[in-house]
Amino acid sequence: MSLFLSQLFNGLTTGLLLALISTGLTIIYGTLGVINFAHGALFVVGGYAGYTVYDLTGSFVLALAGGAAVALACGLVIERGLMRKFYSRPPEDQILVTFGLSIILIEIIRGIYGGVSLSVSPPEWGMGIAKIGSLIYPMYRLETLAIAAVTLLVLYFILYRTSLGLVVRAGIEDAQMVDALGINIKRAFLVVFGLGTMAAGFAGVVNSPIVALTPDMGFRYLVESFVVVVIGGVGSFPGAIVGGIIAGEILSLTAMVNPQYSDVMLFVAMALVLVFRPQGLMGQEGRE
């Protein structure tokens, strides 16, 4: 029972982190129609940037801010300098250019830090263990739940309680109509892309004390994030959260039985959703 409860908590932690990454992915894809294959690389960029700030300052809070800021800056530069030219291009062009960007970013990281994995120790306030009944659980993983949950609440507030969020959600439904109403949709797109990449970078820093940093780690999270988006529904913020939790629990509970089948069961779940509810659990029918 203790092992089962521990895996439940692990699944919830993994799920909320996947939800945080997938939120940025689904916002970008839902609003801009861009299939951003560089999202996983930006997750890695944020993790390594946070590692550098943490190593220099000893402050994990500054590391969180630094990783998110670097990912945000990368996202703004990418959108302004490159992606804006590909919004009207075919999806295969977007895939190729973002995939190429991911390779460039990963190789830059590899050139700076090397290919050896780097471990990040939890902050002082995340050291130790917590006892929940008969369950003994690492303190930082519990705090990761709180950090991810609070961050998702902040993103929810931005998307559903601000004028910017109103423009973003309207852009998801009909970007041309938003542009026709006189709203600077290009500026909104820049903010959306930056917000999505910032969420990925922030998640990379939060995850770094749990999983060692390697340049190639972003690919796995990218694939899992796309699965989360498919399960939850394209462009759906609540769907990203629900899909992330489902994916996290599938990965964690399957690993308790046989780790080799974790990814298999995740893709089985995605296939079932595509068969019985192609728009996703909380997506809208008819959205491409």
# chains A, B, ... in the order shown; residues from 1 in each chain; ligands from 1
$ residues_around --residues "stretch 260-276 of chain A" --least-positions-apart "3" --cutoff "6 Å" --atoms "only C-alpha atoms" --output "PDB file with N, CA, C and O atoms, in the first residue's frame"
ATOM      1  N   ILE A 231      -4.725  13.837 -25.620  1.00  0.00           N
ATOM      2  CA  ILE A 231      -5.692  13.311 -24.651  1.00  0.00           C
ATOM      3  C   ILE A 231      -6.601  14.412 -24.130  1.00  0.00           C
ATOM      4  O   ILE A 231      -7.826  14.253 -24.046  1.00  0.00           O
ATOM      5  N   LEU A 251       1.970   6.548 -16.426  1.00  0.00           N
ATOM      6  CA  LEU A 251       3.401   6.273 -16.418  1.00  0.00           C
ATOM      7  C   LEU A 251       3.857   5.734 -15.073  1.00  0.00           C
ATOM      8  O   LEU A 251       4.637   4.771 -14.998  1.00  0.00           O
ATOM      9  N   THR A 254       2.034   2.166 -14.108  1.00  0.00           N
ATOM     10  CA  THR A 254       2.528   1.092 -14.959  1.00  0.00           C
ATOM     11  C   THR A 254       3.958   0.732 -14.592  1.00  0.00           C
ATOM     12  O   THR A 254       4.344  -0.447 -14.620  1.00  0.00           O
ATOM     13  N   ALA A 255       4.762   1.746 -14.237  1.00  0.00           N
ATOM     14  CA  ALA A 255       6.150   1.486 -13.837  1.00  0.00           C
ATOM     15  C   ALA A 255       6.224   0.632 -12.587  1.00  0.00           C
ATOM     16  O   ALA A 255       7.195  -0.101 -12.381  1.00  0.00           O
TER      17      ALA A 255
END
$ select_by_dssp --residues "stretch 22-164 of chain A" --states "helix (DSSP H, G or I)" --output "short mmCIF file (atom, residue, chain, number, x, y, z; two decimals) with N, CA, C and O atoms, in the first residue's frame"
data_model
loop_
_atom_site.label_atom_id
_atom_site.label_comp_id
_atom_site.auth_asym_id
_atom_site.auth_seq_id
_atom_site.Cartn_x
_atom_site.Cartn_y
_atom_site.Cartn_z
N SER A 22 2.78 21.07 -21.22
CA SER A 22 1.77 20.93 -22.27
C SER A 22 0.89 22.17 -22.39
O SER A 22 0.36 22.46 -23.46
N THR A 23 0.73 22.91 -21.28
CA THR A 23 -0.05 24.14 -21.35
C THR A 23 0.57 25.10 -22.34
O THR A 23 -0.12 25.68 -23.19
N GLY A 24 1.90 25.28 -22.24
CA GLY A 24 2.57 26.14 -23.22
C GLY A 24 2.44 25.62 -24.63
O GLY A 24 2.23 26.39 -25.58
N LEU A 25 2.55 24.31 -24.78
CA LEU A 25 2.46 23.70 -26.12
C LEU A 25 1.08 23.87 -26.72
O LEU A 25 0.93 24.23 -27.89
N THR A 26 0.04 23.65 -25.90
CA THR A 26 -1.32 23.71 -26.43
C THR A 26 -1.76 25.15 -26.67
O THR A 26 -2.54 25.43 -27.59
N ILE A 27 -1.23 26.11 -25.88
CA ILE A 27 -1.54 27.51 -26.12
C ILE A 27 -0.94 27.95 -27.46
O ILE A 27 -1.60 28.60 -28.28
N ILE A 28 0.32 27.59 -27.69
CA ILE A 28 0.98 27.97 -28.94
C ILE A 28 0.29 27.31 -30.13
O ILE A 28 -0.02 27.97 -31.14
N TYR A 29 0.01 26.03 -30.02
CA TYR A 29 -0.60 25.32 -31.15
C TYR A 29 -2.04 25.77 -31.36
O TYR A 29 -2.48 25.97 -32.50
N GLY A 30 -2.77 25.94 -30.26
CA GLY A 30 -4.17 26.33 -30.38
C GLY A 30 -4.34 27.74 -30.92
O GLY A 30 -5.26 28.02 -31.69
N THR A 31 -3.46 28.66 -30.52
CA THR A 31 -3.59 30.05 -30.94
C THR A 31 -2.93 30.31 -32.28
O THR A 31 -3.51 30.95 -33.16
N LEU A 32 -1.71 29.85 -32.44
CA LEU A 32 -0.92 30.19 -33.62
C LEU A 32 -0.99 29.13 -34.71
O LEU A 32 -0.60 29.38 -35.84
N HIS A 39 9.79 22.87 -28.52
CA HIS A 39 9.29 23.06 -27.16
C HIS A 39 10.10 22.25 -26.15
O HIS A 39 10.42 22.73 -25.06
N GLY A 40 10.43 21.01 -26.50
CA GLY A 40 11.24 20.19 -25.60
C GLY A 40 12.63 20.75 -25.40
O GLY A 40 13.19 20.70 -24.31
N ALA A 41 13.21 21.32 -26.47
CA ALA A 41 14.53 21.93 -26.35
C ALA A 41 14.50 23.14 -25.45
O ALA A 41 15.44 23.40 -24.68
N LEU A 42 13.41 23.92 -25.49
CA LEU A 42 13.28 25.08 -24.61
C LEU A 42 13.11 24.65 -23.16
O LEU A 42 13.54 25.36 -22.24
N PHE A 43 12.49 23.50 -22.94
CA PHE A 43 12.42 22.91 -21.61
C PHE A 43 13.84 22.64 -21.09
O PHE A 43 14.16 22.93 -19.93
N VAL A 44 14.70 22.10 -21.95
CA VAL A 44 16.09 21.83 -21.58
C VAL A 44 16.85 23.13 -21.36
O VAL A 44 17.63 23.25 -20.40
N VAL A 45 16.65 24.12 -22.22
CA VAL A 45 17.31 25.42 -22.06
C VAL A 45 16.97 26.03 -20.71
O VAL A 45 17.86 26.54 -20.00
N GLY A 46 15.70 25.98 -20.33
CA GLY A 46 15.31 26.50 -19.03
C GLY A 46 15.97 25.76 -17.89
O GLY A 46 16.43 26.37 -16.92
N GLY A 47 16.04 24.42 -18.00
CA GLY A 47 16.67 23.62 -16.95
C GLY A 47 18.14 23.95 -16.77
O GLY A 47 18.63 24.13 -15.65
N TYR A 48 18.88 24.07 -17.87
CA TYR A 48 20.30 24.38 -17.79
C TYR A 48 20.54 25.82 -17.34
O TYR A 48 21.50 26.10 -16.61
N ALA A 49 19.70 26.75 -17.79
CA ALA A 49 19.83 28.13 -17.33
C ALA A 49 19.59 28.22 -15.82
O ALA A 49 20.31 28.92 -15.10
N GLY A 50 18.58 27.49 -15.34
CA GLY A 50 18.33 27.45 -13.90
C GLY A 50 19.49 26.84 -13.14
O GLY A 50 19.85 27.31 -12.05
N TYR A 51 20.09 25.81 -13.71
CA TYR A 51 21.26 25.18 -13.08
C TYR A 51 22.40 26.19 -12.93
O TYR A 51 23.05 26.26 -11.88
N THR A 52 22.64 26.99 -13.97
CA THR A 52 23.72 27.98 -13.93
C THR A 52 23.44 29.04 -12.87
O THR A 52 24.33 29.40 -12.09
N VAL A 53 22.21 29.55 -12.84
CA VAL A 53 21.86 30.58 -11.85
C VAL A 53 21.96 30.01 -10.44
O VAL A 53 22.46 30.67 -9.52
N TYR A 54 21.50 28.79 -10.26
CA TYR A 54 21.55 28.15 -8.94
C TYR A 54 23.00 27.94 -8.50
O TYR A 54 23.35 28.14 -7.32
N ASP A 55 23.86 27.56 -9.45
CA ASP A 55 25.26 27.35 -9.14
C ASP A 55 25.97 28.66 -8.76
O ASP A 55 26.85 28.67 -7.90
N LEU A 56 25.56 29.76 -9.38
CA LEU A 56 26.20 31.05 -9.13
C LEU A 56 25.67 31.73 -7.87
O LEU A 56 26.43 32.39 -7.14
N THR A 57 24.39 31.59 -7.61
CA THR A 57 23.76 32.35 -6.52
C THR A 57 23.39 31.50 -5.31
O THR A 57 23.27 32.03 -4.21
N PHE A 60 17.47 28.90 -5.23
CA PHE A 60 16.63 28.16 -6.16
C PHE A 60 15.50 29.03 -6.70
O PHE A 60 15.05 28.84 -7.84
N VAL A 61 15.06 30.00 -5.92
CA VAL A 61 14.02 30.92 -6.39
C VAL A 61 14.55 31.74 -7.57
O VAL A 61 13.86 31.92 -8.58
N LEU A 62 15.80 32.24 -7.44
CA LEU A 62 16.41 32.95 -8.56
C LEU A 62 16.63 32.03 -9.75
O LEU A 62 16.54 32.45 -10.91
N ALA A 63 16.93 30.76 -9.48
CA ALA A 63 17.09 29.79 -10.56
C ALA A 63 15.78 29.61 -11.32
O ALA A 63 15.78 29.54 -12.56
N LEU A 64 14.66 29.54 -10.61
CA LEU A 64 13.36 29.43 -11.27
C LEU A 64 13.10 30.65 -12.15
O LEU A 64 12.68 30.51 -13.31
N ALA A 65 13.38 31.83 -11.60
CA ALA A 65 13.17 33.05 -12.37
C ALA A 65 14.12 33.12 -13.56
O ALA A 65 13.72 33.51 -14.67
N GLY A 66 15.38 32.73 -13.34
CA GLY A 66 16.36 32.79 -14.41
C GLY A 66 16.06 31.83 -15.55
O GLY A 66 16.14 32.20 -16.72
N GLY A 67 15.68 30.59 -15.21
CA GLY A 67 15.34 29.62 -16.25
C GLY A 67 14.13 30.04 -17.06
O GLY A 67 14.12 29.93 -18.30
N ALA A 68 13.11 30.56 -16.37
CA ALA A 68 11.92 31.03 -17.07
C ALA A 68 12.24 32.23 -17.96
O ALA A 68 11.75 32.34 -19.08
N ALA A 69 13.09 33.14 -17.45
CA ALA A 69 13.43 34.35 -18.21
C ALA A 69 14.23 34.01 -19.47
O ALA A 69 13.99 34.58 -20.54
N VAL A 70 15.19 33.08 -19.35
CA VAL A 70 15.99 32.70 -20.52
C VAL A 70 15.11 32.02 -21.57
O VAL A 70 15.22 32.30 -22.77
N ALA A 71 14.22 31.12 -21.13
CA ALA A 71 13.32 30.47 -22.07
C ALA A 71 12.38 31.49 -22.73
O ALA A 71 12.10 31.40 -23.93
N LEU A 72 11.92 32.46 -21.94
CA LEU A 72 11.06 33.52 -22.48
C LEU A 72 11.82 34.32 -23.53
O LEU A 72 11.28 34.59 -24.62
N ALA A 73 13.05 34.70 -23.23
CA ALA A 73 13.85 35.47 -24.18
C ALA A 73 14.07 34.69 -25.47
O ALA A 73 13.95 35.24 -26.58
N CYS A 74 14.39 33.40 -25.33
CA CYS A 74 14.57 32.56 -26.52
C CYS A 74 13.29 32.50 -27.35
O CYS A 74 13.32 32.58 -28.58
N GLY A 75 12.16 32.35 -26.66
CA GLY A 75 10.89 32.28 -27.35
C GLY A 75 10.56 33.56 -28.11
O GLY A 75 10.08 33.52 -29.25
N LEU A 76 10.82 34.71 -27.48
CA LEU A 76 10.54 35.99 -28.15
C LEU A 76 11.42 36.18 -29.38
O LEU A 76 10.95 36.65 -30.42
N VAL A 77 12.69 35.81 -29.25
CA VAL A 77 13.61 35.93 -30.38
C VAL A 77 13.19 35.00 -31.52
O VAL A 77 13.18 35.38 -32.70
N ILE A 78 12.83 33.77 -31.17
CA ILE A 78 12.42 32.79 -32.19
C ILE A 78 11.15 33.26 -32.90
O ILE A 78 11.05 33.20 -34.13
N GLU A 79 10.17 33.75 -32.13
CA GLU A 79 8.92 34.18 -32.75
C GLU A 79 9.12 35.40 -33.63
O GLU A 79 8.66 35.45 -34.77
N ARG A 80 9.85 36.39 -33.09
CA ARG A 80 10.04 37.63 -33.83
C ARG A 80 10.94 37.43 -35.05
O ARG A 80 10.70 37.99 -36.12
N GLY A 81 12.00 36.63 -34.89
CA GLY A 81 12.98 36.52 -35.94
C GLY A 81 12.70 35.45 -36.97
O GLY A 81 13.21 35.52 -38.09
N MET A 83 9.61 32.51 -36.57
CA MET A 83 8.32 31.84 -36.67
C MET A 83 7.25 32.70 -37.33
O MET A 83 6.33 32.19 -37.96
N ARG A 84 7.37 34.02 -37.18
CA ARG A 84 6.37 34.91 -37.77
C ARG A 84 6.27 34.71 -39.28
O ARG A 84 5.22 34.91 -39.88
N LYS A 85 7.36 34.30 -39.89
CA LYS A 85 7.38 34.08 -41.34
C LYS A 85 6.75 32.74 -41.73
O LYS A 85 6.55 32.47 -42.92
N PHE A 86 6.45 31.89 -40.73
CA PHE A 86 5.97 30.54 -41.03
C PHE A 86 4.51 30.32 -40.62
O PHE A 86 4.01 29.21 -40.75
N PRO A 91 2.01 23.06 -42.56
CA PRO A 91 2.47 22.47 -41.30
C PRO A 91 3.81 21.77 -41.40
O PRO A 91 4.61 21.80 -40.46
N GLU A 92 4.09 21.13 -42.56
CA GLU A 92 5.36 20.42 -42.68
C GLU A 92 6.55 21.39 -42.64
O GLU A 92 7.62 21.04 -42.12
N ASP A 93 6.36 22.62 -43.13
CA ASP A 93 7.42 23.62 -43.03
C ASP A 93 7.66 24.02 -41.58
O ASP A 93 8.80 24.20 -41.14
N GLN A 94 6.58 24.18 -40.83
CA GLN A 94 6.68 24.52 -39.41
C GLN A 94 7.39 23.40 -38.63
O GLN A 94 8.22 23.67 -37.76
N ILE A 95 7.05 22.17 -38.97
CA ILE A 95 7.68 21.04 -38.29
C ILE A 95 9.18 21.03 -38.56
O ILE A 95 9.99 20.86 -37.65
N LEU A 96 9.55 21.22 -39.82
CA LEU A 96 10.96 21.17 -40.19
C LEU A 96 11.75 22.29 -39.52
O LEU A 96 12.85 22.06 -38.99
N VAL A 97 11.21 23.51 -39.52
CA VAL A 97 11.97 24.62 -38.97
C VAL A 97 12.07 24.52 -37.45
O VAL A 97 13.13 24.81 -36.87
N THR A 98 11.01 24.10 -36.77
CA THR A 98 11.09 23.98 -35.32
C THR A 98 11.95 22.78 -34.91
O THR A 98 12.64 22.83 -33.89
N PHE A 99 11.89 21.71 -35.71
CA PHE A 99 12.76 20.57 -35.43
C PHE A 99 14.23 20.96 -35.60
O PHE A 99 15.09 20.59 -34.81
N GLY A 100 14.51 21.74 -36.66
CA GLY A 100 15.87 22.23 -36.84
C GLY A 100 16.31 23.14 -35.71
O GLY A 100 17.46 23.07 -35.24
N LEU A 101 15.41 23.99 -35.23
CA LEU A 101 15.72 24.86 -34.09
C LEU A 101 16.04 24.04 -32.85
O LEU A 101 16.96 24.38 -32.09
N SER A 102 15.29 22.97 -32.64
CA SER A 102 15.54 22.13 -31.47
C SER A 102 16.93 21.51 -31.52
O SER A 102 17.65 21.46 -30.51
N ILE A 103 17.36 21.07 -32.71
CA ILE A 103 18.70 20.50 -32.86
C ILE A 103 19.76 21.55 -32.56
O ILE A 103 20.74 21.29 -31.85
N ILE A 104 19.56 22.77 -33.08
CA ILE A 104 20.53 23.85 -32.84
C ILE A 104 20.63 24.17 -31.37
O ILE A 104 21.74 24.28 -30.80
N LEU A 105 19.49 24.31 -30.70
CA LEU A 105 19.50 24.64 -29.27
C LEU A 105 20.17 23.55 -28.45
O LEU A 105 20.96 23.83 -27.53
N ILE A 106 19.85 22.30 -28.76
CA ILE A 106 20.43 21.18 -28.01
C ILE A 106 21.94 21.11 -28.21
O ILE A 106 22.71 20.87 -27.26
N GLU A 107 22.39 21.34 -29.44
CA GLU A 107 23.83 21.29 -29.69
C GLU A 107 24.56 22.46 -29.05
O GLU A 107 25.72 22.33 -28.64
N ILE A 108 23.91 23.60 -28.94
CA ILE A 108 24.50 24.73 -28.21
C ILE A 108 24.66 24.36 -26.73
O ILE A 108 25.71 24.61 -26.12
N ILE A 109 23.62 23.75 -26.17
CA ILE A 109 23.69 23.30 -24.77
C ILE A 109 24.80 22.27 -24.60
O ILE A 109 25.59 22.34 -23.65
N ARG A 110 24.89 21.33 -25.54
CA ARG A 110 25.93 20.30 -25.45
C ARG A 110 27.32 20.92 -25.56
O ARG A 110 28.26 20.50 -24.89
N GLY A 111 27.46 21.92 -26.42
CA GLY A 111 28.75 22.57 -26.57
C GLY A 111 29.18 23.35 -25.34
O GLY A 111 30.37 23.43 -25.02
N ILE A 112 28.21 23.92 -24.62
CA ILE A 112 28.53 24.71 -23.43
C ILE A 112 28.75 23.82 -22.20
O ILE A 112 29.74 23.99 -21.46
N TYR A 113 27.87 22.86 -22.00
CA TYR A 113 27.90 22.07 -20.77
C TYR A 113 28.47 20.67 -20.95
O TYR A 113 28.70 19.97 -19.95
N GLU A 124 17.45 24.05 0.12
CA GLU A 124 17.43 23.71 1.55
C GLU A 124 16.01 23.48 2.04
O GLU A 124 15.78 22.58 2.85
N TRP A 125 15.08 24.29 1.57
CA TRP A 125 13.70 24.12 2.03
C TRP A 125 13.02 22.90 1.40
O TRP A 125 11.88 22.58 1.73
N GLY A 126 13.74 22.21 0.48
CA GLY A 126 13.19 21.01 -0.12
C GLY A 126 13.88 19.74 0.33
O GLY A 126 13.59 18.66 -0.16
N MET A 139 10.42 15.42 0.48
CA MET A 139 9.80 16.72 0.69
C MET A 139 9.74 17.52 -0.61
O MET A 139 8.73 18.19 -0.88
N TYR A 140 10.80 17.45 -1.41
CA TYR A 140 10.82 18.30 -2.60
C TYR A 140 9.72 17.90 -3.59
O TYR A 140 9.16 18.75 -4.28
N ARG A 141 9.43 16.61 -3.67
CA ARG A 141 8.37 16.19 -4.60
C ARG A 141 7.03 16.76 -4.18
O ARG A 141 6.21 17.15 -5.03
N LEU A 142 6.78 16.81 -2.87
CA LEU A 142 5.54 17.44 -2.40
C LEU A 142 5.53 18.93 -2.74
O LEU A 142 4.50 19.48 -3.14
N GLU A 143 6.68 19.56 -2.57
CA GLU A 143 6.75 20.99 -2.89
C GLU A 143 6.63 21.22 -4.39
O GLU A 143 6.12 22.27 -4.83
N THR A 144 7.09 20.25 -5.19
CA THR A 144 6.92 20.36 -6.63
C THR A 144 5.44 20.37 -7.00
O THR A 144 5.01 21.12 -7.89
N LEU A 145 4.65 19.57 -6.31
CA LEU A 145 3.20 19.59 -6.52
C LEU A 145 2.65 20.99 -6.28
O LEU A 145 1.85 21.51 -7.08
N ALA A 146 3.08 21.60 -5.17
CA ALA A 146 2.57 22.93 -4.84
C ALA A 146 3.04 23.97 -5.86
O ALA A 146 2.26 24.81 -6.30
N ILE A 147 4.32 23.90 -6.25
CA ILE A 147 4.86 24.87 -7.21
C ILE A 147 4.12 24.77 -8.54
O ILE A 147 3.71 25.78 -9.13
N ALA A 148 3.96 23.53 -9.04
CA ALA A 148 3.28 23.34 -10.32
C ALA A 148 1.82 23.78 -10.25
O ALA A 148 1.31 24.42 -11.18
N ALA A 149 1.16 23.46 -9.14
CA ALA A 149 -0.25 23.83 -8.99
C ALA A 149 -0.42 25.34 -8.95
O ALA A 149 -1.31 25.90 -9.60
N VAL A 150 0.43 26.02 -8.20
CA VAL A 150 0.35 27.49 -8.11
C VAL A 150 0.63 28.12 -9.47
O VAL A 150 -0.04 29.08 -9.88
N THR A 151 1.63 27.60 -10.19
CA THR A 151 1.96 28.13 -11.51
C THR A 151 0.80 27.95 -12.48
O THR A 151 0.47 28.85 -13.26
N LEU A 152 0.16 26.80 -12.44
CA LEU A 152 -1.00 26.56 -13.30
C LEU A 152 -2.16 27.50 -12.93
O LEU A 152 -2.88 27.98 -13.82
N LEU A 153 -2.32 27.79 -11.66
CA LEU A 153 -3.35 28.75 -11.24
C LEU A 153 -3.05 30.14 -11.77
O LEU A 153 -3.95 30.86 -12.20
N VAL A 154 -1.77 30.53 -11.74
CA VAL A 154 -1.38 31.84 -12.29
C VAL A 154 -1.68 31.90 -13.78
O VAL A 154 -2.22 32.89 -14.28
N LEU A 155 -1.33 30.83 -14.50
CA LEU A 155 -1.61 30.79 -15.94
C LEU A 155 -3.12 30.83 -16.20
O LEU A 155 -3.58 31.48 -17.14
N TYR A 156 -3.87 30.13 -15.35
CA TYR A 156 -5.34 30.16 -15.48
C TYR A 156 -5.85 31.59 -15.30
O TYR A 156 -6.72 32.05 -16.05
N PHE A 157 -5.32 32.29 -14.30
CA PHE A 157 -5.75 33.67 -14.06
C PHE A 157 -5.44 34.54 -15.27
O PHE A 157 -6.26 35.38 -15.69
N ILE A 158 -4.24 34.37 -15.84
CA ILE A 158 -3.86 35.17 -17.01
C ILE A 158 -4.79 34.89 -18.19
O ILE A 158 -5.23 35.81 -18.89
N LEU A 159 -5.11 33.63 -18.39
CA LEU A 159 -5.90 33.25 -19.57
C LEU A 159 -7.39 33.54 -19.42
O LEU A 159 -8.08 33.80 -20.41
N TYR A 160 -7.90 33.49 -18.18
CA TYR A 160 -9.35 33.57 -17.99
C TYR A 160 -9.81 34.80 -17.20
O TYR A 160 -11.01 35.02 -17.07
N ARG A 161 -8.86 35.61 -16.71
CA ARG A 161 -9.26 36.76 -15.89
C ARG A 161 -8.59 38.05 -16.33
O ARG A 161 -8.65 39.05 -15.61
N SER A 163 -7.52 40.76 -19.87
CA SER A 163 -7.83 41.09 -21.26
C SER A 163 -6.92 40.36 -22.23
O SER A 163 -7.33 39.97 -23.32
N LEU A 164 -5.66 40.17 -21.82
CA LEU A 164 -4.74 39.40 -22.66
C LEU A 164 -5.25 37.98 -22.85
O LEU A 164 -5.25 37.44 -23.97
#
$ atom_distance --atom1 "atom CA of A:Gly33" --atom2 "atom CA of A:Ser225"
16.1 Å
$ select_by_dssp --residues "stretch 90-147 of chain A" --states "strand (DSSP E)" --output "MDAnalysis selection string"
chainID A and resid 129:132 135:138
$ closest_residue --among "A:Leu181, A:Met198, A:Val120, A:Leu82" --to "A:Leu213" --atoms "only C-alpha atoms"
A:Val120
$ closest_residue --among "A:Ala200, A:Tyr87, A:Thr214, A:Phe37" --to "A:Ser119" --atoms "only C-alpha atoms"
A:Thr214
$ closest_residue --among "A:Val168, A:Phe237, A:Pro278, A:Ile246" --to "A:Leu190" --atoms "only C-alpha atoms"
A:Val168
$ closest_residue --among "A:Asp179, A:Gly280, A:Ser252, A:Arg187" --to "A:Leu3" --atoms "only C-alpha atoms"
A:Ser252
$ decode --residues "stretch 83-90 of chain A" --atoms "all heavy atoms" --output "compact mmCIF listing (two decimals), in the first residue's frame"
# COMPACT_ATOMS: atom_id res chain seq x y z
N MET A 83 9.61 32.51 -36.57
CA MET A 83 8.32 31.84 -36.67
C MET A 83 7.25 32.70 -37.33
O MET A 83 6.33 32.19 -37.96
CB MET A 83 7.84 31.40 -35.28
CG MET A 83 8.66 30.29 -34.67
SD MET A 83 8.93 28.90 -35.81
CE MET A 83 7.26 28.45 -36.23
N ARG A 84 7.37 34.02 -37.18
CA ARG A 84 6.37 34.91 -37.77
C ARG A 84 6.27 34.71 -39.28
O ARG A 84 5.22 34.91 -39.88
CB ARG A 84 6.73 36.36 -37.44
CG ARG A 84 5.73 37.38 -37.93
CD ARG A 84 5.93 38.71 -37.25
NE ARG A 84 5.66 38.62 -35.81
CZ ARG A 84 5.63 39.67 -35.01
NH1 ARG A 84 5.88 40.87 -35.47
NH2 ARG A 84 5.36 39.53 -33.72
N LYS A 85 7.36 34.30 -39.89
CA LYS A 85 7.38 34.08 -41.34
C LYS A 85 6.75 32.74 -41.73
O LYS A 85 6.55 32.47 -42.92
CB LYS A 85 8.82 34.13 -41.86
CG LYS A 85 9.53 35.45 -41.60
CD LYS A 85 10.97 35.40 -42.06
CE LYS A 85 11.69 36.73 -41.87
NZ LYS A 85 11.77 37.14 -40.46
N PHE A 86 6.45 31.89 -40.73
CA PHE A 86 5.97 30.54 -41.03
C PHE A 86 4.51 30.32 -40.62
O PHE A 86 4.01 29.21 -40.75
CB PHE A 86 6.86 29.50 -40.34
CG PHE A 86 8.18 29.29 -41.03
CD1 PHE A 86 9.24 30.13 -40.78
CD2 PHE A 86 8.36 28.25 -41.92
CE1 PHE A 86 10.46 29.94 -41.39
CE2 PHE A 86 9.56 28.06 -42.56
CZ PHE A 86 10.63 28.91 -42.29
N TYR A 87 3.83 31.35 -40.11
CA TYR A 87 2.44 31.16 -39.69
C TYR A 87 1.55 30.76 -40.85
O TYR A 87 0.61 29.98 -40.69
CB TYR A 87 1.90 32.45 -39.05
CG TYR A 87 2.49 32.74 -37.69
CD1 TYR A 87 2.63 34.04 -37.24
CD2 TYR A 87 2.90 31.71 -36.85
CE1 TYR A 87 3.16 34.33 -35.99
CE2 TYR A 87 3.44 31.97 -35.61
CZ TYR A 87 3.57 33.29 -35.19
OH TYR A 87 4.10 33.56 -33.95
N SER A 88 1.82 31.31 -42.03
CA SER A 88 0.99 31.00 -43.19
C SER A 88 1.55 29.88 -44.04
O SER A 88 0.99 29.55 -45.09
CB SER A 88 0.83 32.27 -44.06
OG SER A 88 2.10 32.74 -44.48
N ARG A 89 2.65 29.30 -43.61
CA ARG A 89 3.27 28.20 -44.37
C ARG A 89 2.62 26.87 -44.00
O ARG A 89 1.97 26.73 -42.95
CB ARG A 89 4.77 28.16 -44.07
CG ARG A 89 5.52 29.44 -44.44
CD ARG A 89 5.79 29.53 -45.92
NE ARG A 89 6.81 28.56 -46.33
CZ ARG A 89 8.11 28.82 -46.31
NH1 ARG A 89 8.57 29.99 -45.90
NH2 ARG A 89 8.97 27.91 -46.72
N PRO A 90 2.79 25.85 -44.82
CA PRO A 90 2.21 24.52 -44.53
C PRO A 90 2.77 23.94 -43.23
O PRO A 90 3.88 24.29 -42.81
CB PRO A 90 2.63 23.68 -45.74
CG PRO A 90 2.92 24.66 -46.81
CD PRO A 90 3.46 25.88 -46.13
